[in-house]
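Enquirer: A single structure is presented below for examination.
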Amino acid sequence: MIRVLVADDQPLVRAGMSALLAAEPDVEVVGVAADGGEALALARSTRPDVAVLDIRMPVRNGIEVARELCAPDADPAVPVLMLTTFDLDDLVFGALEAGASGFLLKDAEPDVIVDAVRQVAAGNGTIDQTLTRRVLREFVSRRSLQPVTGDRASEVLTARERDVLLLLAQGMSNEEIAAALVVEVSTVKSHLARMLPKLGVRSRLQAVVWAYQNRVVAVPEG
């Protein structure tokens with residue numbers, strides 16, 4: 001059962017999102033918040049598997065909440081799926097830096113939202129979503145690093161970790177990466193657990209951004 005916290009300051013959106021997720025047999029909505037402060041309090045008391053957060057909320061916005069829930073020493077550490085009505089809003093970039101696992105527009109199809117929650121809960125993020133690809137491309141262009149020389153991935157990663165990163169950047173799930181590399185899913189998870197600290201990032205999505213910024217892969221189109 002996937003335990004989900006929903007936070008949105010719009011009553012209709014909050015109610016609709018909660019009802020949509022609660023209708024799924026493998027999802028339990030353990031908390032519903034109207035602002036960021038309430039979301040943090042509920043996250044600490046209910047310890048959800050995923051927090052679905054509106055990026056714009058009173059008291060504490062989604063970025064501030066994500067920064068606390070996704071911090072390396074967070075207790076509890078909760079993966080964040082960010083909801084937004086803005087597809088290229090500066091706040092989205094802040095949420096990416098805070099460690100959000102993915103982004104969806106609020107008007108996304110119901111099955112897309114449910115699948116995204118399942119993917120985030122499984123540790124896969126939503127890097128294959130069209131919005132996320134656009135955000136990544138814009139993020140890289142706005143926050144490009146200093147010119148990179150050499151193969152940064154080879155400098156900091158093992159050969160197998162680099163393989164995992166390249167497949168991750170293609171939007172593959174842990175299961176798909178395991179199949180491509182002919183290894184167990186647990187092995188892929190172990191590589192990811194070692195890789196993220198080496199890159200100095202908090203999430204799979206940030207690892208993909210690192211790969212784009214360091215020219216390990218080309219910035220996604222469209």
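How things are named: the first chain in the structure tokens is A, the next is B, and so on; residues count from 1 in each chain; ligands count from 1 in the order shown.
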Let's see if you can do this: from backbone DSSP, list all alpha helix (DSSP H) residues in range 21-90 of chain A, as a list in words.
Expert: Leu21, Ala22, Gly36, Gly37, Glu38, Ala39, Leu40, Ala41, Leu42, Ala43, Arg44, Ser45, Thr46, Gly62, Ile63, Glu64, Val65, Ala66, Arg67, Glu68, Leu69 and Asp90 of chain A
Enquirer: Could you save the residues just selected, with N, CA, C and O atoms, as a PDB file, in the first residue's frame?
Expert:
```
ATOM      1  N   LEU A  21      -6.823   9.557  -5.830  1.00  0.00           N
ATOM      2  CA  LEU A  21      -5.818   8.622  -5.325  1.00  0.00           C
ATOM      3  C   LEU A  21      -6.426   7.589  -4.379  1.00  0.00           C
ATOM      4  O   LEU A  21      -6.067   6.408  -4.418  1.00  0.00           O
ATOM      5  N   ALA A  22      -7.366   8.023  -3.546  1.00  0.00           N
ATOM      6  CA  ALA A  22      -7.977   7.103  -2.588  1.00  0.00           C
ATOM      7  C   ALA A  22      -8.779   6.009  -3.278  1.00  0.00           C
ATOM      8  O   ALA A  22      -9.004   4.933  -2.701  1.00  0.00           O
ATOM      9  N   GLY A  36       1.510  24.708   3.435  1.00  0.00           N
ATOM     10  CA  GLY A  36       2.781  24.036   3.607  1.00  0.00           C
ATOM     11  C   GLY A  36       3.120  23.704   5.053  1.00  0.00           C
ATOM     12  O   GLY A  36       3.729  22.675   5.332  1.00  0.00           O
ATOM     13  N   GLY A  37       2.719  24.557   5.955  1.00  0.00           N
ATOM     14  CA  GLY A  37       2.979  24.277   7.359  1.00  0.00           C
ATOM     15  C   GLY A  37       2.245  23.037   7.826  1.00  0.00           C
ATOM     16  O   GLY A  37       2.809  22.177   8.521  1.00  0.00           O
ATOM     17  N   GLU A  38       0.994  22.930   7.435  1.00  0.00           N
ATOM     18  CA  GLU A  38       0.203  21.750   7.783  1.00  0.00           C
ATOM     19  C   GLU A  38       0.777  20.509   7.111  1.00  0.00           C
ATOM     20  O   GLU A  38       0.786  19.418   7.698  1.00  0.00           O
ATOM     21  N   ALA A  39       1.267  20.662   5.883  1.00  0.00           N
ATOM     22  CA  ALA A  39       1.844  19.530   5.157  1.00  0.00           C
ATOM     23  C   ALA A  39       3.055  18.968   5.890  1.00  0.00           C
ATOM     24  O   ALA A  39       3.212  17.748   6.027  1.00  0.00           O
ATOM     25  N   LEU A  40       3.920  19.853   6.378  1.00  0.00           N
ATOM     26  CA  LEU A  40       5.098  19.395   7.113  1.00  0.00           C
ATOM     27  C   LEU A  40       4.711  18.675   8.397  1.00  0.00           C
ATOM     28  O   LEU A  40       5.274  17.622   8.741  1.00  0.00           O
ATOM     29  N   ALA A  41       3.747  19.231   9.106  1.00  0.00           N
ATOM     30  CA  ALA A  41       3.309  18.604  10.352  1.00  0.00           C
ATOM     31  C   ALA A  41       2.724  17.217  10.090  1.00  0.00           C
ATOM     32  O   ALA A  41       3.011  16.252  10.809  1.00  0.00           O
ATOM     33  N   LEU A  42       1.911  17.103   9.031  1.00  0.00           N
ATOM     34  CA  LEU A  42       1.308  15.819   8.695  1.00  0.00           C
ATOM     35  C   LEU A  42       2.361  14.821   8.214  1.00  0.00           C
ATOM     36  O   LEU A  42       2.264  13.625   8.502  1.00  0.00           O
ATOM     37  N   ALA A  43       3.353  15.308   7.476  1.00  0.00           N
ATOM     38  CA  ALA A  43       4.418  14.418   7.005  1.00  0.00           C
ATOM     39  C   ALA A  43       5.150  13.801   8.189  1.00  0.00           C
ATOM     40  O   ALA A  43       5.497  12.615   8.178  1.00  0.00           O
ATOM     41  N   ARG A  44       5.378  14.592   9.222  1.00  0.00           N
ATOM     42  CA  ARG A  44       6.093  14.098  10.395  1.00  0.00           C
ATOM     43  C   ARG A  44       5.256  13.120  11.213  1.00  0.00           C
ATOM     44  O   ARG A  44       5.792  12.192  11.821  1.00  0.00           O
ATOM     45  N   SER A  45       3.943  13.325  11.217  1.00  0.00           N
ATOM     46  CA  SER A  45       3.088  12.448  12.027  1.00  0.00           C
ATOM     47  C   SER A  45       2.630  11.201  11.278  1.00  0.00           C
ATOM     48  O   SER A  45       2.447  10.144  11.885  1.00  0.00           O
ATOM     49  N   THR A  46       2.459  11.304   9.950  1.00  0.00           N
ATOM     50  CA  THR A  46       1.944  10.158   9.189  1.00  0.00           C
ATOM     51  C   THR A  46       3.032   9.397   8.437  1.00  0.00           C
ATOM     52  O   THR A  46       2.811   8.255   8.042  1.00  0.00           O
ATOM     53  N   GLY A  62       5.560  24.973  -1.647  1.00  0.00           N
ATOM     54  CA  GLY A  62       5.981  23.617  -1.943  1.00  0.00           C
ATOM     55  C   GLY A  62       7.485  23.428  -1.953  1.00  0.00           C
ATOM     56  O   GLY A  62       7.991  22.360  -1.580  1.00  0.00           O
ATOM     57  N   ILE A  63       8.215  24.453  -2.371  1.00  0.00           N
ATOM     58  CA  ILE A  63       9.669  24.360  -2.401  1.00  0.00           C
ATOM     59  C   ILE A  63      10.228  24.222  -0.991  1.00  0.00           C
ATOM     60  O   ILE A  63      11.094  23.380  -0.728  1.00  0.00           O
ATOM     61  N   GLU A  64       9.734  25.036  -0.071  1.00  0.00           N
ATOM     62  CA  GLU A  64      10.215  24.970   1.311  1.00  0.00           C
ATOM     63  C   GLU A  64       9.902  23.613   1.935  1.00  0.00           C
ATOM     64  O   GLU A  64      10.733  23.041   2.648  1.00  0.00           O
ATOM     65  N   VAL A  65       8.721  23.104   1.642  1.00  0.00           N
ATOM     66  CA  VAL A  65       8.348  21.795   2.175  1.00  0.00           C
ATOM     67  C   VAL A  65       9.237  20.710   1.574  1.00  0.00           C
ATOM     68  O   VAL A  65       9.758  19.842   2.282  1.00  0.00           O
ATOM     69  N   ALA A  66       9.428  20.766   0.253  1.00  0.00           N
ATOM     70  CA  ALA A  66      10.270  19.771  -0.420  1.00  0.00           C
ATOM     71  C   ALA A  66      11.696  19.815   0.108  1.00  0.00           C
ATOM     72  O   ALA A  66      12.333  18.772   0.292  1.00  0.00           O
ATOM     73  N   ARG A  67      12.206  21.011   0.360  1.00  0.00           N
ATOM     74  CA  ARG A  67      13.580  21.135   0.848  1.00  0.00           C
ATOM     75  C   ARG A  67      13.747  20.404   2.180  1.00  0.00           C
ATOM     76  O   ARG A  67      14.781  19.774   2.425  1.00  0.00           O
ATOM     77  N   GLU A  68      12.739  20.457   3.028  1.00  0.00           N
ATOM     78  CA  GLU A  68      12.828  19.765   4.316  1.00  0.00           C
ATOM     79  C   GLU A  68      12.605  18.264   4.178  1.00  0.00           C
ATOM     80  O   GLU A  68      13.286  17.461   4.814  1.00  0.00           O
ATOM     81  N   LEU A  69      11.660  17.880   3.329  1.00  0.00           N
ATOM     82  CA  LEU A  69      11.337  16.457   3.187  1.00  0.00           C
ATOM     83  C   LEU A  69      12.389  15.691   2.395  1.00  0.00           C
ATOM     84  O   LEU A  69      12.525  14.476   2.568  1.00  0.00           O
ATOM     85  N   ASP A  90       9.655  29.895 -12.478  1.00  0.00           N
ATOM     86  CA  ASP A  90      10.895  29.867 -11.703  1.00  0.00           C
ATOM     87  C   ASP A  90      10.776  28.989 -10.463  1.00  0.00           C
ATOM     88  O   ASP A  90      11.757  28.396 -10.017  1.00  0.00           O
TER      89      ASP A  90
END
```
Enquirer: Could you pull the residues within 7 Å of range 30-32 of chain A, counting only C-alpha atoms, minus those fewer than 4 positions along the same chain, as a ChimeraX atom specification?
Expert: /A:3-7,42,46,48
Enquirer: So that I can see what lies close to Leu81 in chain A, please list as a list in words the residues with an atom at most 7 Å from it, counting only C-alpha atoms and leaving out residues fewer than 3 positions away in the same chain.
Expert: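 In the requested format, the answer is Ala51, Val52, Leu53, Ala100, Ser101, Gly102 and Phe103 of chain A.
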Enquirer: Pick out the closest residue to Glu28 in chain A from this set: A:Met1, A:Leu192, A:Ala116, A:Val164. Count only C-alpha atoms.
Expert: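 Using only C-alpha atoms, the shortest distance to Glu28 in chain A belongs to A:Met1.
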Enquirer: Between A:Pro11, A:Pro25, A:Gly99, A:Gly16, single out the one closest to Leu196 in chain A, counting only C-alpha atoms.
Expert: A:Gly99
Enquirer: Counting only C-alpha atoms, which of A:Val217, A:Leu105, A:Pro79, A:Glu155 gets nearest to Arg204 in chain A?
Expert: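 For Arg204 in chain A, the nearest of the given residues is A:Pro79.
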Enquirer: Nearest residue to Met195 in chain A out of A:Pro72, A:Arg160, A:Ala179, A:Tyr212, using only C-alpha atoms?
Expert: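 Closest candidate: A:Arg160.
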Enquirer: For a test of reading the model, state the distance in Å between CA of Glu161 in chain A and CA of Gly123 in chain A, rounded to one decimal.
Expert: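 Interatomic distance, CA of Glu161 in chain A to CA of Gly123 in chain A: 16.7 Å.
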Enquirer: Looking at A:Val29, A:Val182, A:Ala95, A:Val13, which one is nearest to Asn61 in chain A, with distances taken over only C-alpha atoms?
Expert: A:Ala95
Enquirer: List the spatial neighbours of Glu176 in chain A as a ChimeraX atom specification - criterion: any atom at most 10 Å away, only C-alpha atoms, same-chain residues fewer than 5 positions off excluded.
Expert: /A:167-168,171,181-182,185,188
Enquirer: Calculated over only C-alpha atoms, which of the candidates A:Leu91, A:Val209, A:Ala77, A:Leu20 has the smallest distance to Val112 in chain A?
Expert: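 Smallest separation from Val112 in chain A among the options: A:Leu20.
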Enquirer: Tell me, in Å to one decimal, how far CA of Ile2 in chain A is from CA of Ser190 in chain A.
Expert: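 Distance between the two atoms: 22.0 Å.
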